[in-house]
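Have a look at query13.txt below; it lists compact mmCIF, C-alpha atoms.
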# COMPACT_ATOMS: atom_id res chain seq x y z
CA MET A 7 40.55 -25.81 91.90
CA THR A 8 38.22 -23.14 90.59
CA GLN A 9 37.35 -22.45 86.97
CA VAL A 10 37.34 -19.18 85.07
CA LYS A 11 35.65 -18.97 81.68
CA ILE A 12 36.70 -16.07 79.44
CA LEU A 13 34.22 -15.06 76.73
CA ALA A 14 35.83 -12.64 74.27
CA GLY A 15 33.39 -10.37 72.46
CA ASP A 16 30.31 -8.23 73.02
CA CYS A 17 28.58 -9.49 76.18
CA MET A 18 25.17 -9.26 74.52
CA LYS A 19 26.35 -12.03 72.19
CA THR A 20 28.70 -14.03 74.41
CA LEU A 21 26.23 -14.26 77.29
CA ARG A 22 23.92 -16.27 75.04
CA SER A 23 26.28 -19.21 75.49
CA VAL A 24 25.78 -19.15 79.28
CA GLU A 25 23.18 -21.54 80.66
CA PRO A 26 20.03 -20.01 82.15
CA LYS A 27 20.03 -19.74 85.94
CA SER A 28 23.64 -20.90 86.20
CA VAL A 29 25.14 -17.80 87.88
CA ASN A 30 24.89 -16.91 91.56
CA THR A 31 25.84 -13.25 91.41
CA CYS A 32 27.02 -10.59 88.97
CA VAL A 33 29.77 -8.19 90.08
CA THR A 34 30.65 -5.62 87.46
CA SER A 35 31.60 -2.08 86.50
CA PRO A 36 30.36 -1.16 83.00
CA PRO A 37 32.12 1.46 80.88
CA TYR A 38 31.10 4.85 82.19
CA TRP A 39 29.09 7.02 79.85
CA GLY A 40 31.00 9.50 77.71
CA LEU A 41 34.36 9.02 79.37
CA ARG A 42 36.46 6.39 77.65
CA ASP A 43 36.61 4.48 74.38
CA TYR A 44 37.85 0.99 75.27
CA LYS A 45 37.63 -0.35 71.71
CA GLU A 46 37.21 1.84 68.69
CA GLY A 47 33.77 1.54 67.15
CA GLU A 48 30.23 1.26 68.47
CA GLN A 49 30.08 0.12 72.06
CA LEU A 50 28.51 0.78 75.42
CA GLY A 51 29.50 4.18 76.81
CA LEU A 52 29.81 5.96 73.46
CA GLU A 53 26.12 6.76 73.07
CA ASP A 54 25.27 10.35 72.24
CA THR A 55 22.78 10.68 75.10
CA PRO A 56 22.55 9.36 78.67
CA GLU A 57 19.14 7.92 77.81
CA LYS A 58 20.59 5.69 75.09
CA TYR A 59 23.32 4.56 77.47
CA VAL A 60 20.74 3.63 80.09
CA ASP A 61 18.62 1.79 77.51
CA ASN A 62 21.62 -0.24 76.37
CA LEU A 63 22.51 -1.18 79.94
CA ILE A 64 18.93 -2.29 80.52
CA GLU A 65 19.29 -4.70 77.58
CA VAL A 66 22.53 -6.10 78.98
CA PHE A 67 21.01 -6.69 82.39
CA ARG A 68 18.00 -8.42 80.91
CA GLU A 69 20.48 -10.99 79.61
CA VAL A 70 22.16 -11.04 83.02
CA ARG A 71 18.76 -11.74 84.57
CA ARG A 72 18.34 -14.73 82.26
CA VAL A 73 21.56 -16.38 83.44
CA LEU A 74 21.11 -15.51 87.14
CA ARG A 75 19.64 -18.03 89.54
CA ASP A 76 16.29 -17.06 91.03
CA ASP A 77 18.08 -16.10 94.26
CA GLY A 78 20.77 -14.14 92.38
CA THR A 79 22.03 -10.60 92.89
CA VAL A 80 23.86 -7.87 91.00
CA TRP A 81 26.55 -5.63 92.48
CA LEU A 82 26.91 -2.71 90.09
CA ASN A 83 29.72 -0.16 90.37
CA LEU A 84 29.13 3.06 88.43
CA GLY A 85 30.81 6.44 88.37
CA ASP A 86 29.38 9.71 87.14
CA SER A 87 30.44 12.28 84.55
CA TYR A 88 29.95 15.94 83.81
CA SER A 89 28.11 17.33 80.83
CA GLY A 90 30.49 18.51 78.12
CA SER A 91 33.67 17.68 80.03
CA GLY A 92 35.23 15.34 77.48
CA LYS A 93 37.43 13.98 80.26
CA GLY A 94 37.99 10.44 81.45
CA PRO A 95 37.70 9.41 85.11
CA PRO A 96 40.75 10.05 87.28
CA GLY A 97 43.11 7.09 87.51
CA ASN A 98 46.30 5.55 86.16
CA LEU A 99 46.99 3.81 82.86
CA ASN A 100 50.13 1.88 82.06
CA LYS A 101 51.96 4.03 79.49
CA ASP A 102 52.38 1.05 77.15
CA TYR A 103 48.61 0.80 76.73
CA HIS A 104 47.47 4.40 76.21
CA HIS A 105 46.42 3.48 72.66
CA LEU A 106 43.66 1.25 74.03
CA GLU A 107 41.59 4.03 75.55
CA HIS A 108 40.58 7.45 74.30
CA ALA A 109 38.68 10.32 75.90
CA HIS A 110 35.32 10.44 74.18
CA SER A 111 32.56 12.86 74.96
CA LYS A 112 32.22 16.62 74.90
CA ILE A 113 28.49 16.25 74.45
CA VAL A 114 26.00 18.50 76.22
CA PRO A 115 22.81 16.40 76.13
CA ASP A 116 19.38 17.94 75.75
CA GLY A 117 18.05 19.08 79.10
CA LEU A 118 21.52 19.54 80.60
CA LYS A 119 23.93 22.45 80.71
CA PRO A 120 27.72 22.49 80.41
CA LYS A 121 29.24 21.46 83.77
CA ASP A 122 26.04 19.72 84.93
CA LEU A 123 26.60 16.47 86.82
CA VAL A 124 24.77 13.95 84.63
CA GLY A 125 23.59 11.64 87.43
CA ILE A 126 24.31 8.46 85.50
CA PRO A 127 24.46 6.04 88.48
CA TRP A 128 21.00 6.91 89.73
CA ARG A 129 19.53 7.10 86.23
CA VAL A 130 20.70 3.52 85.70
CA ALA A 131 19.59 2.34 89.14
CA PHE A 132 16.07 3.73 88.75
CA ALA A 133 15.77 2.35 85.21
CA LEU A 134 16.78 -1.13 86.40
CA GLN A 135 14.27 -0.84 89.23
CA ALA A 136 11.56 0.09 86.73
CA ASP A 137 12.58 -2.89 84.60
CA GLY A 138 11.82 -5.31 87.43
CA TRP A 139 14.99 -5.48 89.50
CA TYR A 140 14.77 -4.97 93.25
CA LEU A 141 16.96 -2.00 94.15
CA ARG A 142 18.11 -3.08 97.60
CA GLN A 143 20.91 -0.72 98.54
CA ASP A 144 23.26 2.04 97.49
CA ILE A 145 26.75 1.47 98.86
CA ILE A 146 29.28 4.29 98.93
CA TRP A 147 32.83 3.49 97.88
CA HIS A 148 34.82 6.06 99.85
CA LYS A 149 38.27 6.61 98.32
CA PRO A 150 40.82 7.85 100.89
CA ASN A 151 43.34 8.39 98.07
CA PRO A 152 41.34 9.91 95.21
CA MET A 153 43.16 11.37 92.25
CA PRO A 154 43.71 15.13 92.72
CA GLU A 155 41.51 17.45 90.70
CA SER A 156 42.32 21.04 89.76
CA VAL A 157 38.71 22.21 90.09
CA LYS A 158 38.09 25.45 92.01
CA ASP A 159 34.28 25.50 92.07
CA ARG A 160 33.46 22.12 93.65
CA CYS A 161 34.97 19.50 95.95
CA THR A 162 37.34 16.79 94.74
CA LYS A 163 35.38 13.64 93.96
CA ALA A 164 36.24 10.89 96.46
CA HIS A 165 33.41 8.38 96.11
CA GLU A 166 31.50 6.16 93.72
CA TYR A 167 28.39 4.00 94.03
CA ILE A 168 27.88 0.28 94.21
CA PHE A 169 24.22 -0.72 93.81
CA LEU A 170 22.96 -4.01 95.18
CA LEU A 171 20.07 -5.33 93.09
CA SER A 172 18.26 -8.64 93.30
CA LYS A 173 16.32 -10.70 90.81
CA ASN A 174 13.57 -11.49 93.32
CA LYS A 175 12.29 -10.37 96.71
CA ASN A 176 14.18 -13.14 98.49
CA TYR A 177 17.78 -13.76 97.50
CA TYR A 178 21.07 -15.22 98.67
CA PHE A 179 23.02 -12.92 100.97
CA ASP A 180 25.62 -14.05 103.50
CA PRO A 181 26.00 -11.31 106.16
CA LYS A 182 28.39 -13.46 108.20
CA GLY A 183 30.81 -13.59 105.27
CA ILE A 184 31.33 -9.82 105.37
CA GLU A 185 31.01 -8.96 109.05
CA GLU A 186 33.12 -6.09 110.30
CA ARG A 187 35.42 -6.71 113.26
CA VAL A 188 35.23 -4.07 115.99
CA ASN A 189 37.82 -4.75 118.71
CA GLN A 190 36.87 -8.22 119.92
CA ASP A 191 33.35 -8.14 118.52
CA THR A 192 31.73 -8.19 115.07
CA ARG A 193 28.93 -6.17 113.54
CA ASN A 194 26.85 -6.06 110.40
CA LYS A 195 28.80 -4.46 107.53
CA ARG A 196 28.03 -0.78 107.01
CA SER A 197 27.05 0.79 103.69
CA VAL A 198 30.13 3.04 103.39
CA TRP A 199 33.19 1.06 102.28
CA THR A 200 36.55 2.77 102.65
CA VAL A 201 38.89 1.22 100.09
CA ASN A 202 42.01 2.72 98.55
CA VAL A 203 42.11 3.23 94.80
CA ASP A 204 44.30 0.52 93.31
CA SER A 205 45.52 -0.41 89.86
CA TYR A 206 46.59 -3.52 88.01
CA LYS A 207 50.13 -3.38 86.59
CA GLU A 208 48.92 -4.05 83.04
CA ALA A 209 46.59 -1.93 80.98
CA HIS A 210 43.12 -1.38 82.24
CA PHE A 211 42.23 2.19 83.16
CA ALA A 212 39.06 1.51 85.12
CA THR A 213 40.20 -1.48 87.18
CA TYR A 214 38.57 -1.59 90.59
CA PRO A 215 40.52 -2.77 93.65
CA PRO A 216 40.13 -6.39 94.82
CA ASN A 217 39.27 -5.23 98.34
CA LEU A 218 36.27 -3.37 96.95
CA ILE A 219 34.63 -6.33 95.27
CA ARG A 220 35.64 -9.08 97.68
CA PRO A 221 32.68 -8.30 99.99
CA CYS A 222 30.31 -8.37 97.00
CA ILE A 223 31.51 -11.84 96.05
CA MET A 224 31.60 -13.20 99.59
CA ALA A 225 28.09 -11.95 100.36
CA GLY A 226 26.53 -12.73 97.00
CA CYS A 227 27.97 -16.13 96.06
CA PRO A 228 28.45 -19.31 98.12
CA GLU A 229 31.70 -21.24 97.95
CA GLY A 230 31.76 -23.28 94.74
CA GLY A 231 29.24 -20.98 93.08
CA THR A 232 29.71 -18.81 90.00
CA VAL A 233 30.34 -15.08 89.66
CA LEU A 234 29.63 -13.25 86.40
CA ASP A 235 31.29 -10.08 85.11
CA PRO A 236 29.94 -8.99 81.70
CA PHE A 237 32.48 -6.11 81.55
CA ALA A 238 35.57 -7.91 82.79
CA GLY A 239 38.29 -5.38 81.92
CA SER A 240 41.52 -6.70 83.41
CA GLY A 241 39.78 -9.66 85.07
CA THR A 242 39.81 -8.54 88.71
CA THR A 243 36.39 -10.06 89.38
CA GLY A 244 37.59 -13.44 88.12
CA ALA A 245 40.81 -13.31 90.13
CA VAL A 246 39.05 -12.39 93.38
CA ALA A 247 36.36 -15.01 92.81
CA ALA A 248 38.89 -17.75 92.14
CA HIS A 249 41.04 -16.84 95.14
CA ASN A 250 37.95 -17.23 97.30
CA ALA A 251 36.89 -20.63 95.91
CA ARG A 252 34.26 -19.30 93.50
CA ASN A 253 34.08 -19.93 89.75
CA ALA A 254 33.79 -17.06 87.30
CA VAL A 255 32.45 -16.22 83.85
CA LEU A 256 34.11 -13.14 82.32
CA CYS A 257 33.00 -11.28 79.17
CA GLU A 258 35.35 -8.74 77.58
CA ILE A 259 34.77 -6.88 74.31
CA ASN A 260 38.34 -5.69 73.79
CA PRO A 261 40.56 -8.51 72.46
CA GLU A 262 43.66 -6.91 73.98
CA TYR A 263 42.09 -6.93 77.43
CA ALA A 264 40.92 -10.51 76.91
CA LYS A 265 44.60 -11.40 76.36
CA ILE A 266 45.52 -9.58 79.55
CA ILE A 267 42.91 -11.56 81.47
CA ARG A 268 44.21 -14.83 80.05
CA ARG A 269 47.80 -13.98 81.02
CA ARG A 270 46.65 -12.99 84.48
CA MET A 271 44.76 -16.25 84.98
CA ASP A 272 47.48 -18.38 83.39
CA ALA A 273 49.93 -17.07 85.99
CA ASP A 274 47.78 -18.34 88.85
CA MET A 275 48.18 -22.00 89.77
CA PHE A 276 44.81 -22.07 91.53
CA ILE A 277 42.77 -21.25 88.41
CA THR A 278 41.74 -23.52 85.55
CA LEU A 279 40.76 -21.75 82.33
CA VAL A 280 37.83 -23.27 80.45
Represent the structure of the file as structure tokens.
Amino acid sequence: MTQVKILAGDCMKTLRSVEPKSVNTCVTSPPYWGLRDYKEGEQLGLEDTPEKYVDNLIEVFREVRRVLRDDGTVWLNLGDSYSGSGKGPPGNLNKDYHHLEHAHSKIVPDGLKPKDLVGIPWRVAFALQADGWYLRQDIIWHKPNPMPESVKDRCTKAHEYIFLLSKNKNYYFDPKGIEERVNQDTRNKRSVWTVNVDSYKEAHFATYPPNLIRPCIMAGCPEGGTVLDPFAGSGTTGAVAAHNARNAVLCEINPEYAKIIRRRMDADMFITLV
């Protein structure tokens, strides 16, 4: 029986209750900059500049570093946005929950032009690297079924990034746990992961598919260890961790989403909520 702990509230506050060096790996997808308002009011992703967004993420991951074991890792999924678009990322939202999310930004930050790709994923990755994290790999999430786009002056976006970062030079990584099967043989997992876009039947707009984060959890956390998600959303990280005999700590700022997570975990006989 695995345990999932749900911490409702701003992760910068709720993470303070987590013991230092008690987490094996962090698997998360923060709110993307300037795309969606997951809870009305001040929050990550609503900053008026990319620089402020990056600075706020740095502060969050300093707290993540505190709770990570010395051999811990971070698997960070981030999408990009366009300057002045005011549009959310493509995806599906249960119609009963449209009130929980709102398109946010039509900002054109200093130094950028309307229609410029902002480059948020790499801005964050380089800033984390400069803050002391080891930037070990960029993984491409290839989406065979991306949402259609009506754009006529660029290609339809069909990928996002997952960055693998480590707290120290040497860290826990189980390559056997994520080997790829090729006919009757196996090989080291490649850095392009082809995973269909998926959605959870309840609210969350930005839910990532279980098959995308399962390799992160299997490679980054031993059985019986603990996985952290400071931006839990609909709780997919916790569900995948628990189904693979790992414990989880989930932080979620939106009280409605925290309720969704609790319902999701309550429905699973293999999970104990703490």
Practice task
Go through A:Val24, A:Cys161, A:Val60, A:Val33 one by one, measure the shortest atom-to-atom distance of each to Ala238 (chain A) using only C-alpha atoms, and give the residue with the smallest value.
Solution key: A:Val33
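Proximity to Gly15 (chain A) was assessed for A:Asp61, A:Glu258, A:Glu229, A:Asp122 counting only C-alpha atoms; the smallest distance is recorded for A:Glu258.
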Problem - Contacts of region 176-181 of chain A at 9 Å (only C-alpha atoms; same-chain gap of 3+ positions) as number ranges by chain - result: A: 30-31, 76-79, 172-173, 184-185, 194-195, 224-228
Exercise for the section: Please measure the separation of CA of Cys17 (chain A) and CA of Cys257 (chain A), giving the value in Å to one decimal. Expected result: 5.6 Å
Problem - Among the residues A:Leu134, A:Leu118, A:Leu123, A:Ile223, the one that comes closest to Ala248 (chain A) [using only C-alpha atoms] - result: A:Ile223
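One finds CA of Leu234 (chain A) at 18.1 Å from CA of Lys265 (chain A).
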Handout entry: Computed interatomic separation between CA of Ile266 (chain A) and CA of Ser240 (chain A) (Å)
Key =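 So the answer is 6.3 Å.
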Handout entry: Neighbour list for Lys163 (chain A) as a PyMOL selection string, cut-off 10 Å, only C-alpha atoms, skip fewer than 6 positions in-chain
Key = chain A and resi 86+96+148-149+152-155+157
Exercise for the section: Extract, using all atoms listed in the file, all DNA, RNA and protein residues at most 6 Å from Pro215 (chain A), discarding same-chain residues fewer than 2 positions from it, and format them as a list in words. Expected result: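 Once the nearby chain positions are removed, what remains is Asp204, Asn217 and Leu218 of chain A.
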Practice task
Compile the contact shell of Ile168 (chain A) as a PyMOL selection string: residues with an atom at most 8 Å away, counting only C-alpha atoms, same-chain residues fewer than 5 positions apart removed.
Solution key: chain A and resi 81-84+144-147
Handout entry: Near-Thr20 (chain A) list (10 Å; all atoms listed in the file; drop same-chain fewer than 6 positions) as a VMD selection string
Key = chain A and resid 12 to 14 236 256 to 259
Fill in the blank from the handout: If you count only C-alpha atoms, the residue of A:Asn174, A:Gln190, A:Pro150, A:Ile64 closest to Ala136 (chain A) turns out to be A:Ile64
Handout entry: Counting all atoms listed in the file, the option among A:Pro115, A:Gly183, A:Pro56, A:Gly231 closest to Lys27 (chain A)
Key = A:Gly231
